[in-house]
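Visitor: I am attaching a structure below and will ask some questions about it afterwards.
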Amino acid sequence: MVSVGVIGGGYWGRKIIGEYLLLSQKNPDVRLTGICDASSKVLEGYKNELDVPLLTTDCCKLLKSPDIDAVHICTPNETHYRICHDALRNGKHVLLEKPMTLYSEEAYKLVDLANELGLVLSVGHIFRFNNALLELRNKVQTGYFGDIRHLRLQWTTLMEPPAGRDIITDLAPHPFDVINHLMDDWPVKLNCFSTFKKSWEELSYIDGELSSGATTHIEISWSLPGKVRRVTILGSDRTADCDCETQDVSIFEGDSKFELPIWRNNTIHDELEHFINSISNNCLDNGFEVKNSAFLGAKVVELIELSKLSMEKGEQVHVPNFDTPRRTMYSVLKDVKVGEGTRIYDHVNLYKCEAGKNCKIDAFVYMEEGVKIGDNCKIRAHTFIPTGVTIEDDVFIGPNVTFTNDKYPRTTGEWKILPILVKRGSSIGAGSVILPGVTIGENAMVGAGSVVTKDVPDNSVVCGNPARVVRVI
């Protein structure tokens with residue numbers, strides 16, 4: 001059973017509340033348990049309409065309730081960081097509407113806090129659940145369009161600007177996220193131009209360039225007639241035009257045009273169902289992927305900040321390598337490739353190496369040129385990993401582990417690297433030393449303080465100096 005509380009019962013919150021009620025009818029393990037809103041009048045309306053146990057204007061009361069497992073935050077943007085931080089500190093899983101926060105520094109703090117506490121933190125990038133865009137993503141990934149040369153995204157609405165919001169913060173998050181969703185890529189350059197009406201922007205253009213060389217153009221406005229949510233993909237072989245609202249997709253190939261068959265879905269429902277599944281799978285090692293992770297949400301906030309910087313400076317800005325987290329302190333990260341969701345802490349030294357997705361690399365870790373780390377690995381503090389070491393997926397390496405790569409080290413003369421392979425699912429205890437040329441088998445365990453001088457068989461436990469097999473798992 002997952003009990004959910006919704007914080008913010010206004011325009012969007014009302015839609016979310018309705019979808020949770022429908023989801024609970026479909027899935028008896030989901031229950032809407034609480035609603036919080038600053039307006040007692042709004043809550044009075046829900047009291048007359050719904051059978052929800054907890055209705056309160058006190059956010060702390062909802063967050064501290066032992067009957068609530070997760071919260072969905074639908075409050076104004078400027079409140080996101082504080083409420084989400086408090087929710088995580090109270091042990092709640094969170095789905096936070098976009099933009100995740102107003103500042104990327106705050107966003108990354110929430111990412112780290114959720115990971116530290118072992119809680120799900122998702123962001124409301126709802127177009128990741130749009131079946132039309134999911135079909136386009138699949139076709140991009142399989143090369144259906146050929147080389148992608150340009151993406152055009154139009155997010156425009158004729159409306160009075162929301163009080164206290166700027167257009168880039170309000171409308172740009174979805175286009176930026178859609179670009180990454182389709183391309184698995186982020187802009188490396190941004191150029192933003194805006195026109196103003198009174199004291200607020202009414203129209204903004206954000207031009208970008210991806211690391212693949214493809215260009216992007218985002219148009220956002222509160223002044224153009226109609227509500228438009230449109231994505232156009234220009235490829236060397238074919239072009240697609242997608243109405244994200246109706247989920248209609250037209251394909252253009254030479255002089256011909258045809259419609260792509262799409263099963264239109266309820267994106268809000270699918271997003272909420274995915275959130276519940278994320279919570280249910282949070283502690284299971286089954287490869288479940290959170291599609292709208294907080295890490296992606298923080299990246300988008302960073303792009304929003306850089307777009308505003310470009311607008312203020314009146315010039316193009318270069319985007320820092322998104323594979324290298326900018327929030328590490330006193331660290332050296334040079335020519336490093338880092339997968340999505342990987343956290344790198346302070347005082348590390350990484351050079352021309354590679355780490356996969358959803359890894360954790362603690363402080364004072366040293367990794368040399370050519371080192372490769374797979375997905376879902378945890379490298380604890382003060383670990384030394386020299387050239388020649390390859391570590392596969394799902395490996396745990398305890399603190400103060402030392403890998404070596406030269407069997408007869410000298411200060412001068414020739415030396416020969418003997419590679420080390422650590423296979424998937426294995427664990428190496430604190431203070432161990434791994435000698436050159438060794439392979440540590442799948443799901444093997446090396447006891448703390450061991451000196452590994454020869455290959456470790458799959459599914460075995462070794463310990464001692466030299467390390468010997470003491471049992472088979």
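A note on labels: chains of the structure tokens are A, B, ... as shown, every chain counts residues from 1, and ligands are counted from 1 in their shown order.
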Fewer than 6 positions away in the same chain doesn't count, so skip those; otherwise give me all residues within 12 Å of segment 257-259 of chain A, counting only C-alpha atoms, as an NGL selection string.
Guide: :A and (132 or 238-243 or 247-251)
Visitor: Can you tell me, as a PyMOL selection string, what residues are no more than 10 Å from His274 of chain A when counting only C-alpha atoms, ignoring any on the same chain fewer than 4 positions away?
Guide: chain A and resi 122+129+268-270+278-280+289-292
Visitor: Excluding segment 166-182 of chain A and any residue of its chain fewer than 5 positions from it, enumerate the residues within 9 Å of it, using only C-alpha atoms, and give them as number ranges by chain.
Guide: A: 77, 98-99, 102, 125-128, 133-134, 136-138, 140-141, 151, 153-156, 161, 187, 200-204, 206, 216, 218-222, 231, 296-297, 299-301, 303-305, 307-308
